[in-house]
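As provided, my_file.tsv (TSV, C-alpha atoms (C1' of nucleotides)) reads as follows.
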```tsv
chain	number	residue	atom	x	y	z
O	1	MET	CA	2.49	18.69	-12.91
O	2	LYS	CA	-1.01	17.67	-11.94
O	3	PRO	CA	-2.14	19.48	-8.81
O	4	VAL	CA	-2.24	17.59	-5.52
O	5	LEU	CA	-5.85	17.08	-4.44
O	6	HIS	CA	-7.16	17.20	-0.89
O	7	PRO	CA	-10.65	16.38	0.35
O	8	ASP	CA	-12.71	19.27	1.71
O	9	ILE	CA	-13.03	19.36	5.48
O	10	ALA	CA	-16.70	18.39	5.26
O	11	ASP	CA	-15.84	15.35	3.16
O	12	ILE	CA	-13.43	13.83	5.67
O	13	GLU	CA	-14.97	10.59	6.89
O	14	ALA	CA	-14.29	8.95	10.22
O	15	ALA	CA	-13.95	5.45	8.80
O	16	ALA	CA	-11.55	6.72	6.13
O	17	VAL	CA	-9.36	8.39	8.76
O	18	PHE	CA	-9.24	5.18	10.79
O	19	ALA	CA	-8.44	3.20	7.65
O	20	ALA	CA	-5.54	5.55	6.99
O	21	LEU	CA	-4.18	4.85	10.46
O	22	ALA	CA	-4.80	1.12	10.32
O	23	ASP	CA	-1.40	0.50	8.75
O	24	PRO	CA	1.63	0.50	11.10
O	25	THR	CA	3.78	2.30	8.56
O	26	ARG	CA	1.29	5.11	8.14
O	27	LEU	CA	0.73	5.38	11.86
O	28	ALA	CA	4.50	5.65	12.22
O	29	ILE	CA	4.60	8.42	9.64
O	30	VAL	CA	1.89	10.37	11.45
O	31	LEU	CA	3.69	9.89	14.76
O	32	ALA	CA	6.98	11.04	13.27
O	33	MET	CA	5.32	14.15	11.89
O	34	ALA	CA	3.73	14.91	15.24
O	35	GLU	CA	7.07	14.43	16.96
O	36	ALA	CA	8.95	16.62	14.46
O	37	GLU	CA	9.98	20.15	15.31
O	38	GLU	CA	8.90	21.64	12.04
O	39	PHE	CA	5.40	22.17	10.75
O	40	GLU	CA	6.11	20.31	7.55
O	41	SER	CA	8.61	17.69	6.45
O	42	ARG	CA	10.12	16.69	3.16
O	43	CYS	CA	8.68	13.40	1.95
O	44	SER	CA	12.14	11.98	1.40
O	45	SER	CA	12.80	12.36	5.14
O	46	PHE	CA	10.83	9.19	5.74
O	47	THR	CA	13.01	6.74	3.84
O	48	ASP	CA	13.40	4.73	7.05
O	49	PHE	CA	9.81	3.61	6.60
O	50	GLY	CA	10.04	2.33	3.07
O	51	SER	CA	11.15	2.76	-0.53
O	52	PRO	CA	10.25	5.98	-2.37
O	53	SER	CA	7.63	4.11	-4.34
O	54	LEU	CA	6.05	2.66	-1.21
O	55	LEU	CA	6.13	6.02	0.52
O	56	THR	CA	4.25	7.59	-2.38
O	57	TYR	CA	1.58	4.97	-1.89
O	58	HIS	CA	1.26	5.60	1.84
O	59	PHE	CA	1.38	9.39	1.52
O	60	ASN	CA	-1.46	9.16	-1.00
O	61	LYS	CA	-3.58	7.17	1.43
O	62	LEU	CA	-3.01	9.68	4.20
O	63	ARG	CA	-3.74	12.62	1.93
O	64	GLU	CA	-6.87	11.07	0.40
O	65	ALA	CA	-8.22	10.36	3.87
O	66	GLY	CA	-7.71	14.00	4.82
O	67	VAL	CA	-5.05	13.35	7.43
O	68	THR	CA	-2.21	15.15	5.69
O	69	ARG	CA	-1.61	18.00	3.31
O	70	VAL	CA	1.00	17.87	0.57
O	71	ARG	CA	2.67	20.85	-1.02
O	72	ALA	CA	4.85	20.58	-4.11
O	73	ALA	CA	7.91	22.80	-4.37
O	74	GLY	CA	10.41	22.23	-7.11
O	75	THR	CA	11.34	18.60	-7.27
O	76	SER	CA	10.42	18.06	-3.62
O	77	ARG	CA	7.16	17.59	-1.74
O	78	TYR	CA	6.35	18.68	1.74
O	79	VAL	CA	3.87	16.88	3.99
O	80	SER	CA	2.12	18.24	7.03
O	81	LEU	CA	-0.67	17.14	9.33
O	82	ARG	CA	-4.02	18.85	8.68
O	83	ARG	CA	-4.27	19.87	12.31
O	84	GLU	CA	-6.73	22.77	12.05
O	85	ASP	CA	-8.94	20.96	9.56
O	86	LEU	CA	-9.06	17.75	11.56
O	87	ASP	CA	-9.68	19.64	14.79
O	88	ALA	CA	-12.56	21.46	13.12
O	89	ARG	CA	-14.10	18.30	11.75
O	90	PHE	CA	-13.36	15.93	14.66
O	91	PRO	CA	-12.27	17.92	17.73
O	92	GLY	CA	-9.66	16.15	19.79
O	93	LEU	CA	-9.29	13.20	17.48
O	94	LEU	CA	-5.85	13.95	16.12
O	95	ASP	CA	-4.38	14.57	19.57
O	96	SER	CA	-5.93	11.36	20.75
O	97	ILE	CA	-4.48	9.46	17.82
O	98	ILE	CA	-1.03	10.85	18.45
O	99	ALA	CA	-1.20	10.11	22.17
O	100	THR	CA	-2.28	6.59	21.31
O	101	ALA	CA	0.55	6.03	18.85
O	102	ARG	CA	3.02	7.38	21.44
O	103	ARG	CA	1.84	4.81	23.97
O	104	ASP	CA	2.27	1.90	21.59
O	105	PRO	CA	5.87	0.69	21.35
O	106	SER	CA	4.96	-1.48	18.38
O	107	VAL	CA	4.59	1.61	16.20
O	108	PRO	CA	7.83	1.93	14.19
O	109	ARG	CA	10.05	4.84	15.08
O	110	ILE	CA	12.86	6.72	13.44
O	111	PRO	CA	16.16	6.01	15.30
O	112	GLU	CA	16.73	8.53	18.08
O	113	GLY	CA	18.64	11.56	16.89
O	114	ARG	CA	17.80	11.11	13.22
O	115	LEU	CA	15.87	14.15	12.09
O	116	ILE	CA	12.79	14.65	9.98
O	117	ALA	CA	14.41	17.32	7.84
O	118	LEU	CA	12.76	20.15	6.01
E	1	MET	CA	-18.41	-24.63	23.14
E	2	LYS	CA	-14.97	-23.21	22.57
E	3	PRO	CA	-14.28	-20.29	24.89
E	4	VAL	CA	-14.33	-16.77	23.45
E	5	LEU	CA	-10.79	-15.35	23.44
E	6	HIS	CA	-9.84	-11.75	24.13
E	7	PRO	CA	-6.42	-10.13	23.82
E	8	ASP	CA	-4.74	-9.02	27.05
E	9	ILE	CA	-4.77	-5.29	27.67
E	10	ALA	CA	-1.05	-5.07	27.03
E	11	ASP	CA	-1.45	-6.79	23.68
E	12	ILE	CA	-3.94	-4.31	22.28
E	13	GLU	CA	-2.25	-2.52	19.39
E	14	ALA	CA	-3.10	0.94	18.15
E	15	ALA	CA	-3.01	0.00	14.47
E	16	ALA	CA	-5.25	-3.01	15.14
E	17	VAL	CA	-7.81	-0.83	16.92
E	18	PHE	CA	-7.84	1.61	14.01
E	19	ALA	CA	-8.18	-1.28	11.57
E	20	ALA	CA	-11.19	-2.50	13.52
E	21	LEU	CA	-12.81	0.93	13.17
E	22	ALA	CA	-11.87	1.35	9.53
E	23	ASP	CA	-15.03	-0.37	8.39
E	24	PRO	CA	-18.27	1.70	8.39
E	25	THR	CA	-20.32	-1.24	9.63
E	26	ARG	CA	-18.03	-1.85	12.59
E	27	LEU	CA	-17.86	1.84	13.40
E	28	ALA	CA	-21.66	1.85	13.35
E	29	ILE	CA	-21.74	-1.11	15.73
E	30	VAL	CA	-19.40	0.63	18.15
E	31	LEU	CA	-21.45	3.83	17.96
E	32	ALA	CA	-24.68	1.93	18.56
E	33	MET	CA	-23.15	0.27	21.62
E	34	ALA	CA	-21.98	3.61	22.95
E	35	GLU	CA	-25.40	5.09	22.38
E	36	ALA	CA	-27.22	2.18	24.03
E	37	GLU	CA	-28.61	2.42	27.53
E	38	GLU	CA	-27.35	-0.93	28.68
E	39	PHE	CA	-23.82	-1.99	29.37
E	40	GLU	CA	-24.07	-4.94	27.02
E	41	SER	CA	-26.22	-5.85	24.05
E	42	ARG	CA	-27.32	-9.10	22.49
E	43	CYS	CA	-25.50	-9.71	19.21
E	44	SER	CA	-28.78	-10.31	17.40
E	45	SER	CA	-29.78	-6.73	18.20
E	46	PHE	CA	-27.60	-5.54	15.35
E	47	THR	CA	-29.38	-7.25	12.47
E	48	ASP	CA	-29.90	-3.84	10.87
E	49	PHE	CA	-26.22	-3.82	10.06
E	50	GLY	CA	-25.98	-7.16	8.29
E	51	SER	CA	-26.79	-10.84	8.12
E	52	PRO	CA	-26.04	-13.04	11.14
E	53	SER	CA	-23.10	-14.53	9.30
E	54	LEU	CA	-21.66	-11.12	8.45
E	55	LEU	CA	-22.19	-9.88	11.99
E	56	THR	CA	-20.20	-12.81	13.34
E	57	TYR	CA	-17.38	-11.75	11.08
E	58	HIS	CA	-17.44	-8.13	12.23
E	59	PHE	CA	-17.86	-8.99	15.91
E	60	ASN	CA	-14.80	-11.21	15.64
E	61	LYS	CA	-12.77	-8.36	14.20
E	62	LEU	CA	-13.80	-6.02	16.99
E	63	ARG	CA	-13.10	-8.61	19.67
E	64	GLU	CA	-9.72	-9.64	18.24
E	65	ALA	CA	-8.64	-6.02	18.13
E	66	GLY	CA	-9.54	-5.64	21.79
E	67	VAL	CA	-12.37	-3.18	21.24
E	68	THR	CA	-15.19	-5.38	22.50
E	69	ARG	CA	-15.83	-8.18	24.94
E	70	VAL	CA	-18.15	-11.09	24.20
E	71	ARG	CA	-19.91	-13.21	26.75
E	72	ALA	CA	-21.78	-16.39	25.88
E	73	ALA	CA	-24.99	-17.22	27.74
E	74	GLY	CA	-27.22	-19.99	26.54
E	75	THR	CA	-27.75	-19.73	22.85
E	76	SER	CA	-27.10	-16.00	22.89
E	77	ARG	CA	-24.01	-13.83	23.01
E	78	TYR	CA	-23.62	-10.46	24.61
E	79	VAL	CA	-21.21	-7.80	23.39
E	80	SER	CA	-19.87	-4.84	25.31
E	81	LEU	CA	-17.22	-2.20	24.81
E	82	ARG	CA	-13.98	-2.82	26.73
E	83	ARG	CA	-14.16	0.65	28.24
E	84	GLU	CA	-11.93	0.21	31.28
E	85	ASP	CA	-9.36	-1.83	29.40
E	86	LEU	CA	-9.15	0.59	26.50
E	87	ASP	CA	-8.99	3.56	28.86
E	88	ALA	CA	-6.13	1.90	30.70
E	89	ARG	CA	-4.22	1.12	27.55
E	90	PHE	CA	-5.02	4.25	25.52
E	91	PRO	CA	-6.54	6.91	27.79
E	92	GLY	CA	-9.19	8.98	26.08
E	93	LEU	CA	-9.09	7.09	22.82
E	94	LEU	CA	-12.46	5.37	23.05
E	95	ASP	CA	-14.29	8.56	23.98
E	96	SER	CA	-12.58	10.31	21.11
E	97	ILE	CA	-13.59	7.56	18.71
E	98	ILE	CA	-17.21	7.71	19.84
E	99	ALA	CA	-17.32	11.50	19.62
E	100	THR	CA	-15.86	11.23	16.13
E	101	ALA	CA	-18.40	8.64	14.99
E	102	ARG	CA	-21.21	10.82	16.42
E	103	ARG	CA	-20.07	13.76	14.33
E	104	ASP	CA	-20.02	11.79	11.11
E	105	PRO	CA	-23.48	11.43	9.53
E	106	SER	CA	-22.11	8.87	7.09
E	107	VAL	CA	-21.78	6.33	9.89
E	108	PRO	CA	-24.83	4.03	9.61
E	109	ARG	CA	-27.38	4.34	12.37
E	110	ILE	CA	-30.16	2.21	13.72
E	111	PRO	CA	-33.53	3.89	12.92
E	112	GLU	CA	-34.56	6.25	15.71
E	113	GLY	CA	-36.61	4.49	18.36
E	114	ARG	CA	-35.38	1.00	17.53
E	115	LEU	CA	-33.62	-0.36	20.57
E	116	ILE	CA	-30.43	-2.29	21.08
E	117	ALA	CA	-32.08	-4.89	23.28
E	118	LEU	CA	-30.54	-6.96	26.02
L	1	DT	C1'	-36.58	-36.11	22.84
L	2	DC	C1'	-37.79	-32.62	19.50
L	3	DA	C1'	-37.95	-28.29	17.56
L	4	DA	C1'	-36.79	-23.73	17.25
L	5	DA	C1'	-33.66	-19.81	18.04
L	6	DA	C1'	-29.04	-17.84	18.03
L	7	DT	C1'	-24.99	-18.09	16.27
L	8	DT	C1'	-20.92	-20.21	13.87
L	9	DT	C1'	-18.64	-22.45	10.14
L	10	DC	C1'	-17.20	-22.93	5.55
L	11	DA	C1'	-16.26	-22.19	0.83
L	12	DA	C1'	-16.57	-19.07	-2.76
L	13	DT	C1'	-16.55	-14.47	-4.69
L	14	DG	C1'	-14.53	-10.07	-6.20
L	15	DA	C1'	-12.36	-6.08	-4.18
L	16	DT	C1'	-8.85	-3.77	-2.09
L	17	DC	C1'	-4.38	-3.94	0.19
L	18	DA	C1'	0.80	-3.57	0.93
L	19	DT	C1'	4.92	-4.40	-1.35
L	20	DT	C1'	8.41	-4.77	-5.07
L	21	DG	C1'	11.19	-3.06	-8.76
L	22	DA	C1'	11.83	-1.11	-13.15
L	23	DA	C1'	10.80	2.70	-16.04
L	24	DT	C1'	9.39	7.40	-16.27
L	25	DT	C1'	8.49	12.14	-15.19
L	26	DT	C1'	9.67	16.61	-13.29
L	27	DA	C1'	12.35	20.52	-12.15
L	28	DG	C1'	16.52	22.87	-10.81
L	29	DG	C1'	21.65	23.70	-10.90
L	30	DG	C1'	25.95	23.83	-13.22
I	1	DC	C1'	21.51	21.87	-22.46
I	2	DC	C1'	22.48	17.93	-19.66
I	3	DC	C1'	22.76	15.83	-15.14
I	4	DT	C1'	20.94	14.64	-11.02
I	5	DA	C1'	17.74	14.38	-7.24
I	6	DA	C1'	12.95	13.65	-5.98
I	7	DA	C1'	9.17	11.61	-6.70
I	8	DT	C1'	5.50	9.18	-9.54
I	9	DT	C1'	3.75	5.60	-12.48
I	10	DC	C1'	2.88	1.06	-13.72
I	11	DA	C1'	2.29	-3.80	-13.67
I	12	DA	C1'	2.72	-7.73	-11.01
I	13	DT	C1'	2.52	-10.27	-6.74
I	14	DG	C1'	0.27	-12.54	-2.76
I	15	DA	C1'	-2.38	-11.32	1.23
I	16	DT	C1'	-6.25	-9.87	3.45
I	17	DC	C1'	-10.91	-7.95	3.15
I	18	DA	C1'	-16.14	-7.70	3.10
I	19	DT	C1'	-19.94	-10.17	1.58
I	20	DT	C1'	-23.01	-14.08	0.41
I	21	DG	C1'	-25.57	-18.15	1.27
I	22	DA	C1'	-25.98	-22.80	2.59
I	23	DA	C1'	-25.02	-26.11	6.11
I	24	DA	C1'	-23.78	-27.25	10.76
I	25	DT	C1'	-23.68	-26.37	15.73
I	26	DT	C1'	-25.33	-25.42	20.24
I	27	DT	C1'	-28.58	-24.76	23.81
I	28	DT	C1'	-32.92	-24.12	25.84
I	29	DG	C1'	-37.75	-24.94	26.48
I	30	DA	C1'	-41.93	-27.50	25.43
```
Would you encode the structure as structure tokens?
Amino acid sequence: MKPVLHPDIADIEAAAVFAALADPTRLAIVLAMAEAEEFESRCSSFTDFGSPSLLTYHFNKLREAGVTRVRAAGTSRYVSLRREDLDARFPGLLDSIIATARRDPSVPRIPEGRLIAL
Amino acid sequence: MKPVLHPDIADIEAAAVFAALADPTRLAIVLAMAEAEEFESRCSSFTDFGSPSLLTYHFNKLREAGVTRVRAAGTSRYVSLRREDLDARFPGLLDSIIATARRDPSVPRIPEGRLIAL
DNA sequence: TCAAAATTTCAATGATCATTGAATTTAGGG
DNA sequence: CCCTAAATTCAATGATCATTGAAATTTTGA
């Protein structure tokens, strides 16, 4: 299993972060993670947003941009927001992004009550 | 002269704003406008960032996303950030974006001393 | 009315994007 | 050891992107 690669904090670029959030599906994923109770979520919790294959694609974009972290455990993968890292690199940005997504009803949402499970 | 169209505040979408900022050249333009003394700048002040034709393209993207406002006067055009509108729609977002661009050295900059003229 | 300046338009280019679906890999549990 | 669940890989698709350069447009000032 090839290791999952993440950019160093210093290599996270503003334009790349915005590009990662430019897609409604990815913005929805980030919002769902921010809204979730748990620190990390299983990737397969996001099936509402697309097929497994498509989710792999979007999770890669988010990870490569430095927005998320992915941890492999057994046959599953767990995603989380890189809160500390992003706050260190661009203070306040992540919170601002989340607040923005919250205010925009056009960002897709997981049906009320459905959980982002661990 | 066909009028310049701007989206209503309510129609500004988060993903569209992020898409507008996803390009290094456009992020540089926004940063330069934020850094400028004046409220608005003549479009031709940004020639450092590309050819006239290319600038038209990028200014259109920014305007269509709701990030900037364009005013035509004579043979010139004047761009400005839609500060109030963006603050109303997504409070804090624009400031956060500007602070983020400032912190990222990879965002292109106009050579020190060169002005964004009116 | 002419000429120059500022900007747009247009077509063409190659690159990257989001999406699909089928085939494959990976790892754990019985 | 096999079965199954979870996820990736891969190729193919059409759409949109950023960029170029040449031609057209618009408007003002001489």
Take chain O, superimpose it onto chain E by least squares using every C-alpha atom paired in sequence order, and output the result as a PDB file with C-alpha atoms, keeping the file's coordinate frame.
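And here is the file that came out, part_26.pdb:
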```pdb
ATOM      1  CA  MET O   1     -18.426 -24.613  23.078  1.00  0.00           C
ATOM      2  CA  LYS O   2     -14.957 -23.230  22.541  1.00  0.00           C
ATOM      3  CA  PRO O   3     -14.283 -20.303  24.850  1.00  0.00           C
ATOM      4  CA  VAL O   4     -14.329 -16.784  23.429  1.00  0.00           C
ATOM      5  CA  LEU O   5     -10.805 -15.355  23.420  1.00  0.00           C
ATOM      6  CA  HIS O   6      -9.847 -11.763  24.135  1.00  0.00           C
ATOM      7  CA  PRO O   7      -6.431 -10.143  23.830  1.00  0.00           C
ATOM      8  CA  ASP O   8      -4.761  -9.039  27.061  1.00  0.00           C
ATOM      9  CA  ILE O   9      -4.803  -5.305  27.678  1.00  0.00           C
ATOM     10  CA  ALA O  10      -1.059  -5.090  27.050  1.00  0.00           C
ATOM     11  CA  ASP O  11      -1.456  -6.807  23.690  1.00  0.00           C
ATOM     12  CA  ILE O  12      -3.951  -4.311  22.287  1.00  0.00           C
ATOM     13  CA  GLU O  13      -2.260  -2.530  19.402  1.00  0.00           C
ATOM     14  CA  ALA O  14      -3.105   0.931  18.158  1.00  0.00           C
ATOM     15  CA  ALA O  15      -3.011  -0.007  14.485  1.00  0.00           C
ATOM     16  CA  ALA O  16      -5.251  -3.014  15.151  1.00  0.00           C
ATOM     17  CA  VAL O  17      -7.812  -0.829  16.932  1.00  0.00           C
ATOM     18  CA  PHE O  18      -7.845   1.614  14.022  1.00  0.00           C
ATOM     19  CA  ALA O  19      -8.177  -1.272  11.576  1.00  0.00           C
ATOM     20  CA  ALA O  20     -11.193  -2.487  13.525  1.00  0.00           C
ATOM     21  CA  LEU O  21     -12.806   0.926  13.160  1.00  0.00           C
ATOM     22  CA  ALA O  22     -11.859   1.360   9.522  1.00  0.00           C
ATOM     23  CA  ASP O  23     -15.032  -0.377   8.372  1.00  0.00           C
ATOM     24  CA  PRO O  24     -18.257   1.698   8.387  1.00  0.00           C
ATOM     25  CA  THR O  25     -20.306  -1.235   9.618  1.00  0.00           C
ATOM     26  CA  ARG O  26     -18.038  -1.841  12.577  1.00  0.00           C
ATOM     27  CA  LEU O  27     -17.852   1.837  13.389  1.00  0.00           C
ATOM     28  CA  ALA O  28     -21.649   1.850  13.335  1.00  0.00           C
ATOM     29  CA  ILE O  29     -21.744  -1.092  15.717  1.00  0.00           C
ATOM     30  CA  VAL O  30     -19.391   0.640  18.144  1.00  0.00           C
ATOM     31  CA  LEU O  31     -21.445   3.829  17.932  1.00  0.00           C
ATOM     32  CA  ALA O  32     -24.667   1.932  18.549  1.00  0.00           C
ATOM     33  CA  MET O  33     -23.158   0.268  21.597  1.00  0.00           C
ATOM     34  CA  ALA O  34     -21.958   3.596  22.943  1.00  0.00           C
ATOM     35  CA  GLU O  35     -25.391   5.091  22.371  1.00  0.00           C
ATOM     36  CA  ALA O  36     -27.210   2.166  24.019  1.00  0.00           C
ATOM     37  CA  GLU O  37     -28.613   2.427  27.513  1.00  0.00           C
ATOM     38  CA  GLU O  38     -27.364  -0.921  28.656  1.00  0.00           C
ATOM     39  CA  PHE O  39     -23.817  -1.986  29.350  1.00  0.00           C
ATOM     40  CA  GLU O  40     -24.064  -4.941  27.023  1.00  0.00           C
ATOM     41  CA  SER O  41     -26.217  -5.861  24.050  1.00  0.00           C
ATOM     42  CA  ARG O  42     -27.322  -9.090  22.482  1.00  0.00           C
ATOM     43  CA  CYS O  43     -25.500  -9.707  19.218  1.00  0.00           C
ATOM     44  CA  SER O  44     -28.759 -10.330  17.407  1.00  0.00           C
ATOM     45  CA  SER O  45     -29.795  -6.746  18.211  1.00  0.00           C
ATOM     46  CA  PHE O  46     -27.626  -5.551  15.355  1.00  0.00           C
ATOM     47  CA  THR O  47     -29.402  -7.259  12.475  1.00  0.00           C
ATOM     48  CA  ASP O  48     -29.916  -3.841  10.878  1.00  0.00           C
ATOM     49  CA  PHE O  49     -26.217  -3.839  10.064  1.00  0.00           C
ATOM     50  CA  GLY O  50     -26.007  -7.162   8.313  1.00  0.00           C
ATOM     51  CA  SER O  51     -26.809 -10.864   8.154  1.00  0.00           C
ATOM     52  CA  PRO O  52     -26.020 -13.058  11.175  1.00  0.00           C
ATOM     53  CA  SER O  53     -23.077 -14.529   9.326  1.00  0.00           C
ATOM     54  CA  LEU O  54     -21.678 -11.110   8.462  1.00  0.00           C
ATOM     55  CA  LEU O  55     -22.206  -9.879  11.997  1.00  0.00           C
ATOM     56  CA  THR O  56     -20.205 -12.809  13.347  1.00  0.00           C
ATOM     57  CA  TYR O  57     -17.378 -11.743  11.087  1.00  0.00           C
ATOM     58  CA  HIS O  58     -17.462  -8.125  12.232  1.00  0.00           C
ATOM     59  CA  PHE O  59     -17.875  -8.981  15.917  1.00  0.00           C
ATOM     60  CA  ASN O  60     -14.803 -11.206  15.634  1.00  0.00           C
ATOM     61  CA  LYS O  61     -12.757  -8.358  14.198  1.00  0.00           C
ATOM     62  CA  LEU O  62     -13.795  -6.022  16.984  1.00  0.00           C
ATOM     63  CA  ARG O  63     -13.111  -8.615  19.656  1.00  0.00           C
ATOM     64  CA  GLU O  64      -9.731  -9.655  18.230  1.00  0.00           C
ATOM     65  CA  ALA O  65      -8.655  -6.023  18.119  1.00  0.00           C
ATOM     66  CA  GLY O  66      -9.561  -5.636  21.785  1.00  0.00           C
ATOM     67  CA  VAL O  67     -12.387  -3.184  21.229  1.00  0.00           C
ATOM     68  CA  THR O  68     -15.196  -5.382  22.499  1.00  0.00           C
ATOM     69  CA  ARG O  69     -15.813  -8.178  24.938  1.00  0.00           C
ATOM     70  CA  VAL O  70     -18.135 -11.075  24.193  1.00  0.00           C
ATOM     71  CA  ARG O  71     -19.898 -13.196  26.760  1.00  0.00           C
ATOM     72  CA  ALA O  72     -21.749 -16.384  25.874  1.00  0.00           C
ATOM     73  CA  ALA O  73     -24.950 -17.198  27.731  1.00  0.00           C
ATOM     74  CA  GLY O  74     -27.126 -20.024  26.564  1.00  0.00           C
ATOM     75  CA  THR O  75     -27.723 -19.749  22.871  1.00  0.00           C
ATOM     76  CA  SER O  76     -27.105 -15.997  22.910  1.00  0.00           C
ATOM     77  CA  ARG O  77     -24.006 -13.813  23.012  1.00  0.00           C
ATOM     78  CA  TYR O  78     -23.620 -10.466  24.625  1.00  0.00           C
ATOM     79  CA  VAL O  79     -21.216  -7.793  23.388  1.00  0.00           C
ATOM     80  CA  SER O  80     -19.880  -4.842  25.302  1.00  0.00           C
ATOM     81  CA  LEU O  81     -17.233  -2.193  24.792  1.00  0.00           C
ATOM     82  CA  ARG O  82     -13.996  -2.803  26.720  1.00  0.00           C
ATOM     83  CA  ARG O  83     -14.174   0.656  28.229  1.00  0.00           C
ATOM     84  CA  GLU O  84     -11.957   0.192  31.295  1.00  0.00           C
ATOM     85  CA  ASP O  85      -9.378  -1.833  29.397  1.00  0.00           C
ATOM     86  CA  LEU O  86      -9.171   0.600  26.506  1.00  0.00           C
ATOM     87  CA  ASP O  87      -9.019   3.573  28.857  1.00  0.00           C
ATOM     88  CA  ALA O  88      -6.162   1.902  30.712  1.00  0.00           C
ATOM     89  CA  ARG O  89      -4.236   1.117  27.564  1.00  0.00           C
ATOM     90  CA  PHE O  90      -5.039   4.261  25.539  1.00  0.00           C
ATOM     91  CA  PRO O  91      -6.577   6.924  27.800  1.00  0.00           C
ATOM     92  CA  GLY O  92      -9.206   8.994  26.072  1.00  0.00           C
ATOM     93  CA  LEU O  93      -9.106   7.097  22.821  1.00  0.00           C
ATOM     94  CA  LEU O  94     -12.455   5.373  23.046  1.00  0.00           C
ATOM     95  CA  ASP O  95     -14.288   8.572  23.970  1.00  0.00           C
ATOM     96  CA  SER O  96     -12.586  10.311  21.110  1.00  0.00           C
ATOM     97  CA  ILE O  97     -13.589   7.568  18.708  1.00  0.00           C
ATOM     98  CA  ILE O  98     -17.189   7.717  19.826  1.00  0.00           C
ATOM     99  CA  ALA O  99     -17.304  11.505  19.603  1.00  0.00           C
ATOM    100  CA  THR O 100     -15.851  11.236  16.123  1.00  0.00           C
ATOM    101  CA  ALA O 101     -18.381   8.659  14.970  1.00  0.00           C
ATOM    102  CA  ARG O 102     -21.188  10.826  16.403  1.00  0.00           C
ATOM    103  CA  ARG O 103     -20.034  13.778  14.316  1.00  0.00           C
ATOM    104  CA  ASP O 104     -19.990  11.802  11.090  1.00  0.00           C
ATOM    105  CA  PRO O 105     -23.435  11.444   9.514  1.00  0.00           C
ATOM    106  CA  SER O 106     -22.070   8.890   7.070  1.00  0.00           C
ATOM    107  CA  VAL O 107     -21.764   6.336   9.866  1.00  0.00           C
ATOM    108  CA  PRO O 108     -24.817   4.046   9.601  1.00  0.00           C
ATOM    109  CA  ARG O 109     -27.351   4.338  12.373  1.00  0.00           C
ATOM    110  CA  ILE O 110     -30.147   2.230  13.737  1.00  0.00           C
ATOM    111  CA  PRO O 111     -33.533   3.898  12.961  1.00  0.00           C
ATOM    112  CA  GLU O 112     -34.573   6.243  15.758  1.00  0.00           C
ATOM    113  CA  GLY O 113     -36.616   4.490  18.403  1.00  0.00           C
ATOM    114  CA  ARG O 114     -35.402   0.999  17.557  1.00  0.00           C
ATOM    115  CA  LEU O 115     -33.642  -0.386  20.595  1.00  0.00           C
ATOM    116  CA  ILE O 116     -30.433  -2.290  21.110  1.00  0.00           C
ATOM    117  CA  ALA O 117     -32.068  -4.906  23.303  1.00  0.00           C
ATOM    118  CA  LEU O 118     -30.503  -6.975  26.014  1.00  0.00           C
TER     119      LEU O 118
END
```
Straight-line distance linking atom CA of Glu37 of chain O with atom CA of Gly113 of chain O, stated in Å to one decimal: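 Taking atom CA of Glu37 of chain O as the start and atom CA of Gly113 of chain O as the end point, the length is 12.3 Å.
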Contact set, chain E to chain I: 10 Å, all atoms listed in the file, as a PDB file with C-alpha atoms, in the frame of the given file:
```pdb
ATOM      1  CA  MET E   1     -18.410 -24.630  23.140  1.00  0.00           C
ATOM      2  CA  ASP E  23     -15.030  -0.370   8.390  1.00  0.00           C
ATOM      3  CA  GLY E  50     -25.980  -7.160   8.290  1.00  0.00           C
ATOM      4  CA  SER E  51     -26.790 -10.840   8.120  1.00  0.00           C
ATOM      5  CA  SER E  53     -23.100 -14.530   9.300  1.00  0.00           C
ATOM      6  CA  LEU E  54     -21.660 -11.120   8.450  1.00  0.00           C
ATOM      7  CA  TYR E  57     -17.380 -11.750  11.080  1.00  0.00           C
ATOM      8  CA  HIS E  58     -17.440  -8.130  12.230  1.00  0.00           C
ATOM      9  CA  ALA E  73     -24.990 -17.220  27.740  1.00  0.00           C
ATOM     10  CA  GLY E  74     -27.220 -19.990  26.540  1.00  0.00           C
ATOM     11  CA  THR E  75     -27.750 -19.730  22.850  1.00  0.00           C
ATOM     12  CA  SER E  76     -27.100 -16.000  22.890  1.00  0.00           C
TER      13      SER E  76
END
```
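What chain L places within 8 Å of chain O, counting all atoms listed in the file, is DT19, DT26, DA27 and DG28 of chain L.
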Within 6 Å of chain O, which residues of chain E show up when using all atoms listed in the file, listed as a list in words? Ala15, Phe18, Ala19, Ala22, Asp23, Pro24, Phe90, Leu93, Ser96 and Thr100 of chain E
Could you pull the residues within 8 Å of Gly66 of chain O, counting all atoms listed in the file, minus those fewer than 6 positions along the same chain, as a ChimeraX atom specification? /O:6-9,12,17,82,86
Grab the atom C1' of DG30 of chain L to atom CA of Cys43 of chain O distance for me, in Å with one decimal place. 25.2 Å
Å distance separating atom CA of Val79 of chain O from atom CA of Arg42 of chain O, one decimal place: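 The value is 6.3 Å.
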